[in-house]
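Q: Structure: entry-v8.pdb, PDB, C-alpha atoms.
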```pdb
ATOM      1  CA  MET A 449       0.000   0.000   0.000
ATOM      2  CA  ASN A 450       1.401   3.355  -0.937
ATOM      3  CA  GLY A 451       1.199   6.533   1.074
ATOM      4  CA  LYS A 452      -1.641   8.036  -0.963
ATOM      5  CA  LEU A 453      -3.848   4.998  -0.520
ATOM      6  CA  ALA A 454      -3.234   5.004   3.207
ATOM      7  CA  SER A 455      -4.103   8.674   3.373
ATOM      8  CA  ASP A 456      -7.308   8.165   1.373
ATOM      9  CA  LEU A 457      -8.305   5.286   3.593
ATOM     10  CA  THR A 458      -7.724   7.375   6.691
ATOM     11  CA  VAL A 459      -9.932  10.143   5.336
ATOM     12  CA  TYR A 460     -12.612   7.629   4.412
ATOM     13  CA  LEU A 461     -12.572   6.054   7.828
ATOM     14  CA  SER A 462     -12.614   9.447   9.503
ATOM     15  CA  VAL A 463     -15.728  10.396   7.575
ATOM     16  CA  LEU A 464     -17.241   7.055   8.487
ATOM     17  CA  LEU A 465     -16.320   7.615  12.095
ATOM     18  CA  LEU A 466     -17.991  11.030  12.149
ATOM     19  CA  SER A 467     -21.122   9.661  10.554
ATOM     20  CA  VAL A 468     -21.205   6.847  13.092
ATOM     21  CA  GLY A 469     -20.806   9.350  15.902
ATOM     22  CA  VAL A 470     -23.885  11.174  14.686
ATOM     23  CA  SER A 471     -26.131   8.274  13.826
ATOM     24  CA  TRP A 472     -25.445   6.399  17.073
ATOM     25  CA  ALA A 473     -26.031   9.288  19.439
ATOM     26  CA  ILE A 474     -28.458   7.885  21.985
ATOM     27  CA  SER A 475     -31.148  10.334  22.994
ATOM     28  CA  ILE A 476     -33.268  10.998  26.073
ATOM     29  CA  SER A 477     -36.224  13.329  26.436
ATOM     30  CA  ALA A 478     -38.259  14.238  29.513
ATOM     31  CA  THR A 479     -41.753  15.659  29.323
ATOM     32  CA  GLY A 480     -43.537  17.239  32.276
ATOM     33  CA  SER A 481     -42.534  19.517  35.091
ATOM     34  CA  TRP A 482     -43.888  19.477  38.646
ATOM     35  CA  THR A 483     -45.207  22.483  40.511
ATOM     36  CA  GLU A 484     -46.689  21.960  43.951
ATOM     37  CA  ILE A 485     -48.580  24.778  45.664
ATOM     38  CA  VAL A 486     -48.371  24.517  49.440
ATOM     39  CA  ASP A 487     -50.947  26.633  51.259
ATOM     40  CA  GLU A 488     -53.252  26.565  54.279
ATOM     41  CA  ASN A 489     -55.033  23.520  52.891
ATOM     42  CA  ASP A 490     -51.807  21.631  53.526
ATOM     43  CA  LEU A 491     -51.795  22.264  57.264
ATOM     44  CA  ALA A 492     -51.802  19.011  59.198
ATOM     45  CA  GLY A 493     -54.803  20.163  61.259
ATOM     46  CA  PRO A 494     -56.542  23.287  62.555
ATOM     47  CA  ALA A 495     -54.954  26.682  63.213
ATOM     48  CA  GLY A 496     -51.713  26.174  65.110
ATOM     49  CA  SER A 497     -50.791  23.101  63.116
ATOM     50  CA  ALA A 498     -47.612  22.691  61.119
ATOM     51  CA  LEU A 499     -47.548  22.027  57.395
ATOM     52  CA  ASN A 500     -47.541  18.487  56.112
ATOM     53  CA  SER A 501     -43.978  17.428  55.444
ATOM     54  CA  ASP A 502     -44.268  15.185  52.391
ATOM     55  CA  TYR A 503     -45.670  15.861  48.916
ATOM     56  CA  GLU A 504     -45.869  13.426  46.047
ATOM     57  CA  SER A 505     -46.373  14.111  42.371
ATOM     58  CA  ALA A 506     -48.637  12.142  40.074
ATOM     59  CA  ALA A 507     -47.284   8.704  39.204
ATOM     60  CA  ASP A 508     -46.809   9.800  35.612
ATOM     61  CA  GLN A 509     -45.581  13.314  36.354
ATOM     62  CA  VAL A 510     -42.592  12.939  34.073
ATOM     63  CA  SER A 511     -42.454  10.781  30.958
ATOM     64  CA  THR A 512     -39.076   9.914  29.515
ATOM     65  CA  ASP A 513     -38.149   8.433  26.147
ATOM     66  CA  ILE A 514     -34.864   6.807  25.270
ATOM     67  CA  THR A 515     -34.374   6.567  21.550
ATOM     68  CA  GLU A 516     -31.784   6.362  18.808
ATOM     69  CA  THR A 517     -30.167   3.247  20.206
ATOM     70  CA  THR A 518     -28.656   0.725  17.811
ATOM     71  CA  GLY A 519     -31.133  -1.971  18.816
ATOM     72  CA  ASP A 520     -32.297  -4.204  21.602
ATOM     73  CA  ALA A 521     -28.740  -5.227  22.427
ATOM     74  CA  ASP A 522     -27.652  -1.647  22.942
ATOM     75  CA  ASP A 523     -27.374  -1.191  26.705
ATOM     76  CA  TRP A 524     -27.753   2.159  28.369
ATOM     77  CA  ALA A 525     -27.917   3.649  31.847
ATOM     78  CA  VAL A 526     -29.757   6.703  33.127
ATOM     79  CA  SER A 527     -28.354   8.825  35.917
ATOM     80  CA  ILE A 528     -30.054  11.661  37.731
ATOM     81  CA  LYS A 529     -29.055  14.809  39.560
ATOM     82  CA  ARG A 530     -30.447  18.216  40.385
ATOM     83  CA  VAL A 531     -29.173  21.751  39.878
ATOM     84  CA  ASP A 532     -30.756  24.177  42.307
ATOM     85  CA  THR A 533     -32.161  27.545  41.400
ATOM     86  CA  ASN A 534     -33.626  28.369  44.812
ATOM     87  CA  TRP A 535     -33.719  25.324  47.029
ATOM     88  CA  HIS A 536     -33.714  24.929  50.814
ATOM     89  CA  ALA A 537     -31.371  22.609  52.643
ATOM     90  CA  ASN A 538     -34.320  21.090  54.522
ATOM     91  CA  LEU A 539     -35.955  19.952  51.292
ATOM     92  CA  HIS A 540     -35.246  16.478  49.951
ATOM     93  CA  LEU A 541     -36.288  15.475  46.444
ATOM     94  CA  TYR A 542     -36.802  11.846  45.419
ATOM     95  CA  ALA A 543     -37.684  10.048  42.209
ATOM     96  CA  LYS A 544     -38.759   6.569  41.226
ATOM     97  CA  ARG A 545     -39.691   4.862  37.989
ATOM     98  CA  THR A 546     -43.375   3.900  37.954
ATOM     99  CA  SER A 547     -43.624   2.245  34.565
ATOM    100  CA  ASP A 548     -41.480   0.246  32.179
ATOM    101  CA  GLY A 549     -42.561   2.200  29.143
ATOM    102  CA  THR A 550     -42.789   0.363  25.866
ATOM    103  CA  GLY A 551     -40.125  -1.121  23.678
ATOM    104  CA  THR A 552     -38.659  -4.435  22.692
ATOM    105  CA  GLY A 553     -35.538  -4.062  24.786
ATOM    106  CA  SER A 554     -35.364  -4.243  28.547
ATOM    107  CA  ILE A 555     -35.519  -1.951  31.558
ATOM    108  CA  SER A 556     -34.653  -2.457  35.205
ATOM    109  CA  GLY A 557     -33.953  -0.600  38.431
ATOM    110  CA  GLY A 558     -35.237   2.691  39.788
ATOM    111  CA  ALA A 559     -38.520   1.282  41.079
ATOM    112  CA  ALA A 560     -37.940   2.509  44.627
ATOM    113  CA  TYR A 561     -37.605   6.146  45.646
ATOM    114  CA  GLN A 562     -34.074   7.423  45.673
ATOM    115  CA  GLU A 563     -32.954  10.891  46.620
ATOM    116  CA  ILE A 564     -31.915  13.253  43.866
ATOM    117  CA  THR A 565     -28.780  15.007  44.992
ATOM    118  CA  THR A 566     -26.554  17.565  43.350
ATOM    119  CA  GLY A 567     -24.262  14.754  42.212
ATOM    120  CA  ASN A 568     -25.056  12.323  39.421
ATOM    121  CA  LEU A 569     -26.397   9.010  40.723
ATOM    122  CA  SER A 570     -27.412   5.893  38.827
ATOM    123  CA  PHE A 571     -31.185   5.742  38.371
ATOM    124  CA  PHE A 572     -32.178   2.898  36.060
ATOM    125  CA  GLY A 573     -30.878   1.006  33.071
ATOM    126  CA  GLY A 574     -31.996  -0.976  30.082
ATOM    127  CA  SER A 575     -31.457  -1.681  26.434
ATOM    128  CA  GLY A 576     -32.926  -0.672  23.128
ATOM    129  CA  ASN A 577     -35.379   2.116  22.415
ATOM    130  CA  ARG A 578     -37.853   2.680  25.239
ATOM    131  CA  THR A 579     -40.630   5.273  25.332
ATOM    132  CA  GLY A 580     -43.146   6.398  27.922
ATOM    133  CA  ILE A 581     -41.100   5.582  31.000
ATOM    134  CA  ASP A 582     -43.039   7.299  33.786
ATOM    135  CA  ILE A 583     -41.325   8.878  36.765
ATOM    136  CA  GLN A 584     -42.900   9.950  40.046
ATOM    137  CA  GLN A 585     -41.330  12.416  42.437
ATOM    138  CA  LYS A 586     -41.612  13.245  46.102
ATOM    139  CA  VAL A 587     -40.451  16.115  48.264
ATOM    140  CA  THR A 588     -39.974  15.855  52.010
ATOM    141  CA  GLY A 589     -38.937  18.429  54.570
ATOM    142  CA  ILE A 590     -41.654  21.046  54.130
ATOM    143  CA  SER A 591     -42.282  22.720  57.463
ATOM    144  CA  THR A 592     -43.093  26.002  59.104
ATOM    145  CA  GLN A 593     -39.360  26.504  59.391
ATOM    146  CA  LEU A 594     -39.431  27.458  55.720
ATOM    147  CA  GLY A 595     -40.775  30.858  54.817
ATOM    148  CA  SER A 596     -43.089  31.463  51.913
ATOM    149  CA  ASP A 597     -41.126  31.307  48.669
ATOM    150  CA  ASN A 598     -40.881  29.465  45.378
ATOM    151  CA  TYR A 599     -38.298  26.752  45.878
ATOM    152  CA  SER A 600     -37.080  25.586  42.495
ATOM    153  CA  THR A 601     -34.623  23.056  41.147
ATOM    154  CA  THR A 602     -33.907  21.459  37.781
ATOM    155  CA  VAL A 603     -33.613  17.706  37.459
ATOM    156  CA  TYR A 604     -31.112  16.393  34.922
ATOM    157  CA  TYR A 605     -31.629  12.958  33.381
ATOM    158  CA  THR A 606     -28.535  11.720  31.565
ATOM    159  CA  VAL A 607     -28.486   8.582  29.436
ATOM    160  CA  ILE A 608     -25.167   6.959  28.601
ATOM    161  CA  ASP A 609     -24.701   4.272  26.002
ATOM    162  CA  ILE A 610     -22.697   1.514  27.658
TER     163      ILE A 610
ATOM    164  CA  MET B 311       0.161  -0.431   7.154
ATOM    165  CA  LYS B 312      -3.298  -1.335   5.946
ATOM    166  CA  ARG B 313      -3.958  -3.555   8.948
ATOM    167  CA  SER B 314      -2.815  -0.901  11.378
ATOM    168  CA  ILE B 315      -5.107   1.690   9.808
ATOM    169  CA  ILE B 316      -8.063  -0.653   9.965
ATOM    170  CA  ALA B 317      -7.275  -1.531  13.582
ATOM    171  CA  PHE B 318      -7.089   2.157  14.390
ATOM    172  CA  ALA B 319     -10.413   2.703  12.695
ATOM    173  CA  VAL B 320     -12.047  -0.136  14.595
ATOM    174  CA  ILE B 321     -10.814   1.231  17.896
ATOM    175  CA  CYS B 322     -12.046   4.702  17.018
ATOM    176  CA  PHE B 323     -15.319   3.208  15.872
ATOM    177  CA  ALA B 324     -15.772   1.504  19.233
ATOM    178  CA  LEU B 325     -14.819   4.621  21.132
ATOM    179  CA  ALA B 326     -17.220   6.684  19.069
ATOM    180  CA  GLY B 327     -19.986   4.296  19.960
ATOM    181  CA  SER B 328     -19.380   4.719  23.666
ATOM    182  CA  ALA B 329     -17.590   7.918  24.569
ATOM    183  CA  PHE B 330     -19.824  10.230  22.565
ATOM    184  CA  ALA B 331     -23.149   8.428  23.068
ATOM    185  CA  ALA B 332     -24.769  10.343  25.868
ATOM    186  CA  ASP B 333     -27.612  12.796  26.153
ATOM    187  CA  THR B 334     -29.304  14.826  28.869
ATOM    188  CA  ALA B 335     -32.872  15.968  29.392
ATOM    189  CA  THR B 336     -34.086  18.351  32.082
ATOM    190  CA  GLN B 337     -37.240  18.974  34.060
ATOM    191  CA  THR B 338     -38.097  21.568  36.686
ATOM    192  CA  VAL B 339     -39.552  21.049  40.146
ATOM    193  CA  ASN B 340     -41.180  23.977  41.944
ATOM    194  CA  MET B 341     -42.365  23.889  45.529
ATOM    195  CA  ASN B 342     -44.352  27.068  45.931
ATOM    196  CA  ILE B 343     -45.037  27.750  49.601
ATOM    197  CA  ALA B 344     -47.682  30.437  49.891
ATOM    198  CA  ASP B 345     -48.219  32.962  52.670
ATOM    199  CA  ILE B 346     -50.345  31.341  55.348
ATOM    200  CA  SER B 347     -52.245  33.082  58.138
ATOM    201  CA  VAL B 348     -54.663  30.929  60.092
ATOM    202  CA  LEU B 349     -55.891  31.812  63.577
ATOM    203  CA  ASP B 350     -58.261  30.281  66.081
ATOM    204  CA  VAL B 351     -59.171  30.641  69.749
ATOM    205  CA  THR B 352     -59.706  27.674  72.015
ATOM    206  CA  SER B 353     -62.715  29.106  73.893
ATOM    207  CA  ALA B 354     -65.619  30.658  72.077
ATOM    208  CA  SER B 355     -66.714  32.675  75.110
ATOM    209  CA  ILE B 356     -65.663  33.532  78.628
ATOM    210  CA  THR B 357     -67.515  35.223  81.454
ATOM    211  CA  LEU B 358     -66.064  37.763  83.860
ATOM    212  CA  GLU B 359     -68.041  38.913  86.871
ATOM    213  CA  ILE B 360     -67.560  41.503  89.599
ATOM    214  CA  VAL B 361     -68.917  40.017  92.834
ATOM    215  CA  ALA B 362     -69.369  41.246  96.327
ATOM    216  CA  PRO B 363     -66.168  41.429  98.373
ATOM    217  CA  GLY B 364     -65.656  39.033 101.230
ATOM    218  CA  THR B 365     -65.305  41.834 103.687
ATOM    219  CA  GLY B 366     -67.817  44.571 104.207
ATOM    220  CA  GLY B 367     -66.428  47.958 103.162
ATOM    221  CA  ALA B 368     -63.868  46.513 100.755
ATOM    222  CA  THR B 369     -63.847  47.393  97.072
ATOM    223  CA  PRO B 370     -65.140  44.577  94.836
ATOM    224  CA  ALA B 371     -62.203  42.640  93.418
ATOM    225  CA  ASP B 372     -61.167  42.374  89.782
ATOM    226  CA  ASP B 373     -62.054  39.174  87.945
ATOM    227  CA  THR B 374     -59.682  37.309  85.654
ATOM    228  CA  ASP B 375     -59.829  34.516  83.099
ATOM    229  CA  ASN B 376     -56.830  32.822  81.559
ATOM    230  CA  SER B 377     -58.520  29.744  80.176
ATOM    231  CA  SER B 378     -58.310  30.497  76.463
ATOM    232  CA  TYR B 379     -55.484  30.429  73.945
ATOM    233  CA  ALA B 380     -54.965  31.951  70.546
ATOM    234  CA  GLN B 381     -53.445  29.352  68.242
ATOM    235  CA  TYR B 382     -52.068  30.233  64.856
ATOM    236  CA  SER B 383     -50.135  28.979  61.848
ATOM    237  CA  SER B 384     -48.140  31.656  60.112
ATOM    238  CA  VAL B 385     -45.953  31.432  57.029
ATOM    239  CA  VAL B 386     -44.355  34.620  55.751
ATOM    240  CA  GLY B 387     -41.631  35.558  53.345
ATOM    241  CA  SER B 388     -38.114  36.382  54.359
ATOM    242  CA  GLY B 389     -37.953  39.580  56.414
ATOM    243  CA  THR B 390     -41.700  39.772  56.978
ATOM    244  CA  THR B 391     -43.391  39.507  60.367
ATOM    245  CA  ARG B 392     -46.923  39.701  61.658
ATOM    246  CA  ASN B 393     -48.693  41.073  64.705
ATOM    247  CA  LEU B 394     -51.603  39.668  66.665
ATOM    248  CA  SER B 395     -53.983  42.418  67.637
ATOM    249  CA  ALA B 396     -57.185  42.643  69.666
ATOM    250  CA  ALA B 397     -60.167  44.985  69.532
ATOM    251  CA  TRP B 398     -63.852  44.970  70.210
ATOM    252  CA  GLY B 399     -66.695  46.438  68.220
ATOM    253  CA  GLY B 400     -67.483  50.145  68.183
ATOM    254  CA  SER B 401     -70.624  49.658  70.271
ATOM    255  CA  ASP B 402     -69.000  47.322  72.798
ATOM    256  CA  ALA B 403     -68.059  48.561  76.243
ATOM    257  CA  ALA B 404     -67.102  47.350  79.683
ATOM    258  CA  PRO B 405     -69.683  47.651  82.473
ATOM    259  CA  ALA B 406     -69.861  51.068  84.092
ATOM    260  CA  GLY B 407     -66.892  51.739  86.344
ATOM    261  CA  CYS B 408     -64.855  48.901  84.807
ATOM    262  CA  SER B 409     -62.288  48.267  82.069
ATOM    263  CA  LEU B 410     -61.208  45.114  80.303
ATOM    264  CA  THR B 411     -57.533  44.364  79.786
ATOM    265  CA  LEU B 412     -55.888  41.585  77.815
ATOM    266  CA  GLU B 413     -52.344  40.363  78.204
ATOM    267  CA  VAL B 414     -50.639  37.333  76.730
ATOM    268  CA  GLY B 415     -49.525  35.410  79.789
ATOM    269  CA  SER B 416     -47.526  32.736  77.990
ATOM    270  CA  LEU B 417     -46.545  32.082  74.403
ATOM    271  CA  THR B 418     -45.202  29.173  72.398
ATOM    272  CA  ALA B 419     -41.499  29.692  71.849
ATOM    273  CA  GLY B 420     -40.623  31.046  68.418
ATOM    274  CA  CYS B 421     -44.096  32.433  67.794
ATOM    275  CA  GLY B 422     -43.520  36.109  68.465
ATOM    276  CA  SER B 423     -43.120  38.380  71.455
ATOM    277  CA  ALA B 424     -45.905  39.167  73.918
ATOM    278  CA  VAL B 425     -46.521  42.865  74.487
ATOM    279  CA  SER B 426     -45.505  43.546  78.065
ATOM    280  CA  GLY B 427     -48.298  44.806  80.292
ATOM    281  CA  GLY B 428     -51.004  43.964  77.796
ATOM    282  CA  VAL B 429     -53.588  46.399  76.492
ATOM    283  CA  THR B 430     -56.891  47.877  77.571
ATOM    284  CA  ILE B 431     -59.421  46.691  75.050
ATOM    285  CA  THR B 432     -60.964  49.388  72.880
ATOM    286  CA  SER B 433     -62.477  49.531  69.425
ATOM    287  CA  GLU B 434     -59.019  50.277  68.052
ATOM    288  CA  ALA B 435     -56.877  47.242  67.292
ATOM    289  CA  GLN B 436     -53.843  47.006  69.561
ATOM    290  CA  ASN B 437     -51.033  44.524  69.331
ATOM    291  CA  ILE B 438     -50.784  41.863  71.987
ATOM    292  CA  VAL B 439     -48.089  39.815  70.171
ATOM    293  CA  THR B 440     -45.508  41.188  67.759
ATOM    294  CA  ALA B 441     -42.669  39.817  65.605
ATOM    295  CA  ILE B 442     -44.527  36.699  64.515
ATOM    296  CA  GLY B 443     -42.571  35.063  61.731
ATOM    297  CA  THR B 444     -43.076  31.656  60.170
ATOM    298  CA  CYS B 445     -44.290  29.383  62.957
ATOM    299  CA  ALA B 446     -46.996  27.113  64.276
ATOM    300  CA  THR B 447     -48.082  27.444  67.883
ATOM    301  CA  GLY B 448     -49.305  23.883  68.198
ATOM    302  CA  VAL B 449     -52.841  22.737  68.872
ATOM    303  CA  GLY B 450     -52.573  21.276  72.356
ATOM    304  CA  ALA B 451     -54.808  22.513  75.154
ATOM    305  CA  THR B 452     -52.155  24.902  76.428
ATOM    306  CA  ASP B 453     -50.373  25.703  73.161
ATOM    307  CA  GLY B 454     -50.325  29.177  71.708
ATOM    308  CA  ALA B 455     -50.782  32.611  73.223
ATOM    309  CA  ARG B 456     -52.558  32.405  76.570
ATOM    310  CA  LEU B 457     -55.160  35.148  76.742
ATOM    311  CA  ASP B 458     -55.280  36.636  80.221
ATOM    312  CA  TYR B 459     -58.417  38.783  80.506
ATOM    313  CA  THR B 460     -58.941  41.014  83.522
ATOM    314  CA  LEU B 461     -62.127  42.924  84.266
ATOM    315  CA  SER B 462     -60.899  45.679  86.559
ATOM    316  CA  VAL B 463     -62.909  47.878  88.860
ATOM    317  CA  ASP B 464     -61.700  51.385  88.104
ATOM    318  CA  THR B 465     -64.408  53.411  89.869
ATOM    319  CA  ALA B 466     -66.313  51.482  92.518
ATOM    320  CA  THR B 467     -68.891  54.210  92.907
ATOM    321  CA  SER B 468     -69.857  53.831  89.242
ATOM    322  CA  LEU B 469     -70.647  50.119  89.453
ATOM    323  CA  ASP B 470     -74.164  49.234  88.435
ATOM    324  CA  ALA B 471     -75.456  45.849  89.589
ATOM    325  CA  SER B 472     -77.778  45.598  86.597
ATOM    326  CA  ASP B 473     -75.118  46.431  84.015
ATOM    327  CA  ASP B 474     -74.343  43.275  82.006
ATOM    328  CA  GLN B 475     -72.214  43.803  78.944
ATOM    329  CA  SER B 476     -71.499  41.344  76.181
ATOM    330  CA  ALA B 477     -68.615  42.173  73.877
ATOM    331  CA  THR B 478     -67.012  40.419  70.940
ATOM    332  CA  ILE B 479     -63.228  40.546  70.964
ATOM    333  CA  THR B 480     -61.703  40.226  67.514
ATOM    334  CA  LEU B 481     -58.163  38.876  67.266
ATOM    335  CA  THR B 482     -56.394  39.519  63.999
ATOM    336  CA  LEU B 483     -53.088  38.441  62.459
ATOM    337  CA  THR B 484     -51.784  41.197  60.228
ATOM    338  CA  ASP B 485     -48.538  41.859  58.411
ATOM    339  CA  ALA B 486     -46.393  44.292  60.339
ATOM    340  CA  SER B 487     -46.094  47.599  58.497
TER     341      SER B 487
END
```
Translate the structure of the given file into structure tokens.

A:
Amino acid sequence: MNGKLASDLTVYLSVLLLSVGVSWAISISATGSWTEIVDENDLAGPAGSALNSDYESAADQVSTDITETTGDADDWAVSIKRVDTNWHANLHLYAKRTSDGTGTGSISGGAAYQEITTGNLSFFGGSGNRTGIDIQQKVTGISTQLGSDNYSTTVYYTVIDI
Amino acid sequence: MKRSIIAFAVICFALAGSAFAADTATQTVNMNIADISVLDVTSASITLEIVAPGTGGATPADDTDNSSYAQYSSVVGSGTTRNLSAAWGGSDAAPAGCSLTLEVGSLTAGCGSAVSGGVTITSEAQNIVTAIGTCATGVGATDGARLDYTLSVDTATSLDASDDQSATITLTLTDAS
């Protein structure tokens, strides 16, 4: 093989590599945000009572899709974290997977509540394209130690092809 | 040379399939805690009575009642406080020769500061607890702000044995100005 052929082959493979990088980019989407209004109806009892501590979203509050895999044998893992906008240290946010979604691959893990922290933590895993994976969330730590405010955080779902 | 290029390509191909295959989606969570101001009193009514003194020639004694409590749940924003005030209606009055005072005798910790010495009830709202932030007094029988009412004899010669007065005391939680 001469030098020109080797160079041409390198260019060809580079182009192929770039195209592979694009076409195999696994994708995740999340639909649905959660806003909970806490007011006097959430007092644990009559005047003088504290606020209820725990609040739970609908079971299908967030729907996630994992697509653009290479097929049912393409394994992936989803991790989760939060980035706070205005959060209180007393508040704890949890998430769990409440449905398997649909798809011909597999899915496992994440069925029990786990806390969402500011660091990425493994949530659930699976293989192949999977759509309509429902996620439920819960917040604990609401109390009359917190003043009135809008406490906000953003949850990041990251899928990694493994 | 050809084999090494192909091997390189295969390795890159594998790396491309793993190292660059990741994606992130986001979702927001909002916990919106509203201002809350809820107030109740444990006793709907109390009765105070000026009776004959035990000793002839003595001035009739004041009567007191400290059986009721104001209980409240308050949630305010940062830097905001509330006051608990008391007043009676414009047509309400104490019996002739008497006055009605109200003082908070005890208060759940963290639920404001009782006004020292209390107030003489009038139709104008007067604070009996100040600096109420975000708190809950509790709902037990002795939780909250204990309301110590005293019907005082100010002018014994003005007392009228037939003078019965019924008054409605209104307690209000308001944002401090």

Q: Report the distance between atom CA of A:Tyr604 and atom CA of A:Asp532 in Å, rounded to one decimal place.

A: 10.7 Å

Q: Using all atoms listed in the file and a cut-off of 6 Å, which residues of chain B sit close to chain A? Please list them as a ChimeraX atom specification.

A: /B:323,326,328,331-346,348-350,381-383,385-387,444-449

Q: So that I have them on file, write out the residues from the current selection with C-alpha atoms, as an mmCIF file, in the coordinates of the input.

A:
```
data_model
loop_
_atom_site.group_PDB
_atom_site.id
_atom_site.type_symbol
_atom_site.label_atom_id
_atom_site.label_comp_id
_atom_site.auth_asym_id
_atom_site.auth_seq_id
_atom_site.Cartn_x
_atom_site.Cartn_y
_atom_site.Cartn_z
ATOM 1 C CA PHE B 323 -15.319 3.208 15.872
ATOM 2 C CA ALA B 326 -17.220 6.684 19.069
ATOM 3 C CA SER B 328 -19.380 4.719 23.666
ATOM 4 C CA ALA B 331 -23.149 8.428 23.068
ATOM 5 C CA ALA B 332 -24.769 10.343 25.868
ATOM 6 C CA ASP B 333 -27.612 12.796 26.153
ATOM 7 C CA THR B 334 -29.304 14.826 28.869
ATOM 8 C CA ALA B 335 -32.872 15.968 29.392
ATOM 9 C CA THR B 336 -34.086 18.351 32.082
ATOM 10 C CA GLN B 337 -37.240 18.974 34.060
ATOM 11 C CA THR B 338 -38.097 21.568 36.686
ATOM 12 C CA VAL B 339 -39.552 21.049 40.146
ATOM 13 C CA ASN B 340 -41.180 23.977 41.944
ATOM 14 C CA MET B 341 -42.365 23.889 45.529
ATOM 15 C CA ASN B 342 -44.352 27.068 45.931
ATOM 16 C CA ILE B 343 -45.037 27.750 49.601
ATOM 17 C CA ALA B 344 -47.682 30.437 49.891
ATOM 18 C CA ASP B 345 -48.219 32.962 52.670
ATOM 19 C CA ILE B 346 -50.345 31.341 55.348
ATOM 20 C CA VAL B 348 -54.663 30.929 60.092
ATOM 21 C CA LEU B 349 -55.891 31.812 63.577
ATOM 22 C CA ASP B 350 -58.261 30.281 66.081
ATOM 23 C CA GLN B 381 -53.445 29.352 68.242
ATOM 24 C CA TYR B 382 -52.068 30.233 64.856
ATOM 25 C CA SER B 383 -50.135 28.979 61.848
ATOM 26 C CA VAL B 385 -45.953 31.432 57.029
ATOM 27 C CA VAL B 386 -44.355 34.620 55.751
ATOM 28 C CA GLY B 387 -41.631 35.558 53.345
ATOM 29 C CA THR B 444 -43.076 31.656 60.170
ATOM 30 C CA CYS B 445 -44.290 29.383 62.957
ATOM 31 C CA ALA B 446 -46.996 27.113 64.276
ATOM 32 C CA THR B 447 -48.082 27.444 67.883
ATOM 33 C CA GLY B 448 -49.305 23.883 68.198
ATOM 34 C CA VAL B 449 -52.841 22.737 68.872
#
```

Q: Tell me which residues the PyMOL selection byres ((chain B and resi 411) around 9) grabs here, as an NGL selection string.

A: :B and (409-410 or 412-413 or 428-431 or 458-462)

Q: What would the file look like if the residues just selected were written as a PDB file, in the frame of the given file with C-alpha atoms?

A:
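Writing done, so here's selection.pdb:
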```
ATOM      1  CA  SER B 409     -62.288  48.267  82.069  1.00  0.00           C
ATOM      2  CA  LEU B 410     -61.208  45.114  80.303  1.00  0.00           C
ATOM      3  CA  LEU B 412     -55.888  41.585  77.815  1.00  0.00           C
ATOM      4  CA  GLU B 413     -52.344  40.363  78.204  1.00  0.00           C
ATOM      5  CA  GLY B 428     -51.004  43.964  77.796  1.00  0.00           C
ATOM      6  CA  VAL B 429     -53.588  46.399  76.492  1.00  0.00           C
ATOM      7  CA  THR B 430     -56.891  47.877  77.571  1.00  0.00           C
ATOM      8  CA  ILE B 431     -59.421  46.691  75.050  1.00  0.00           C
ATOM      9  CA  ASP B 458     -55.280  36.636  80.221  1.00  0.00           C
ATOM     10  CA  TYR B 459     -58.417  38.783  80.506  1.00  0.00           C
ATOM     11  CA  THR B 460     -58.941  41.014  83.522  1.00  0.00           C
ATOM     12  CA  LEU B 461     -62.127  42.924  84.266  1.00  0.00           C
ATOM     13  CA  SER B 462     -60.899  45.679  86.559  1.00  0.00           C
TER      14      SER B 462
END
```

Q: Grab the atom CA of A:Ala521 to atom CA of A:Ile581 distance for me, in Å with one decimal place.

A: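 Between atom CA of A:Ala521 and atom CA of A:Ile581 the gap works out to 18.5 Å.
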
Q: Do you know which residues are at most 12 Å from B:Cys408 counting all atoms listed in the file, after dropping those on the same chain fewer than 6 positions away, and could you put them as a CSV table (one decimal) with C-alpha atoms, keeping the file's coordinate frame?

A:
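The result, stored in out.csv:
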```csv
chain,number,residue,atom,x,y,z
B,358,LEU,CA,-66.1,37.8,83.9
B,359,GLU,CA,-68.0,38.9,86.9
B,360,ILE,CA,-67.6,41.5,89.6
B,370,PRO,CA,-65.1,44.6,94.8
B,371,ALA,CA,-62.2,42.6,93.4
B,372,ASP,CA,-61.2,42.4,89.8
B,373,ASP,CA,-62.1,39.2,87.9
B,430,THR,CA,-56.9,47.9,77.6
B,431,ILE,CA,-59.4,46.7,75.0
B,460,THR,CA,-58.9,41.0,83.5
B,461,LEU,CA,-62.1,42.9,84.3
B,462,SER,CA,-60.9,45.7,86.6
B,463,VAL,CA,-62.9,47.9,88.9
B,464,ASP,CA,-61.7,51.4,88.1
B,465,THR,CA,-64.4,53.4,89.9
B,466,ALA,CA,-66.3,51.5,92.5
B,467,THR,CA,-68.9,54.2,92.9
B,468,SER,CA,-69.9,53.8,89.2
B,469,LEU,CA,-70.6,50.1,89.5
B,470,ASP,CA,-74.2,49.2,88.4
B,473,ASP,CA,-75.1,46.4,84.0
B,474,ASP,CA,-74.3,43.3,82.0
B,475,GLN,CA,-72.2,43.8,78.9
```
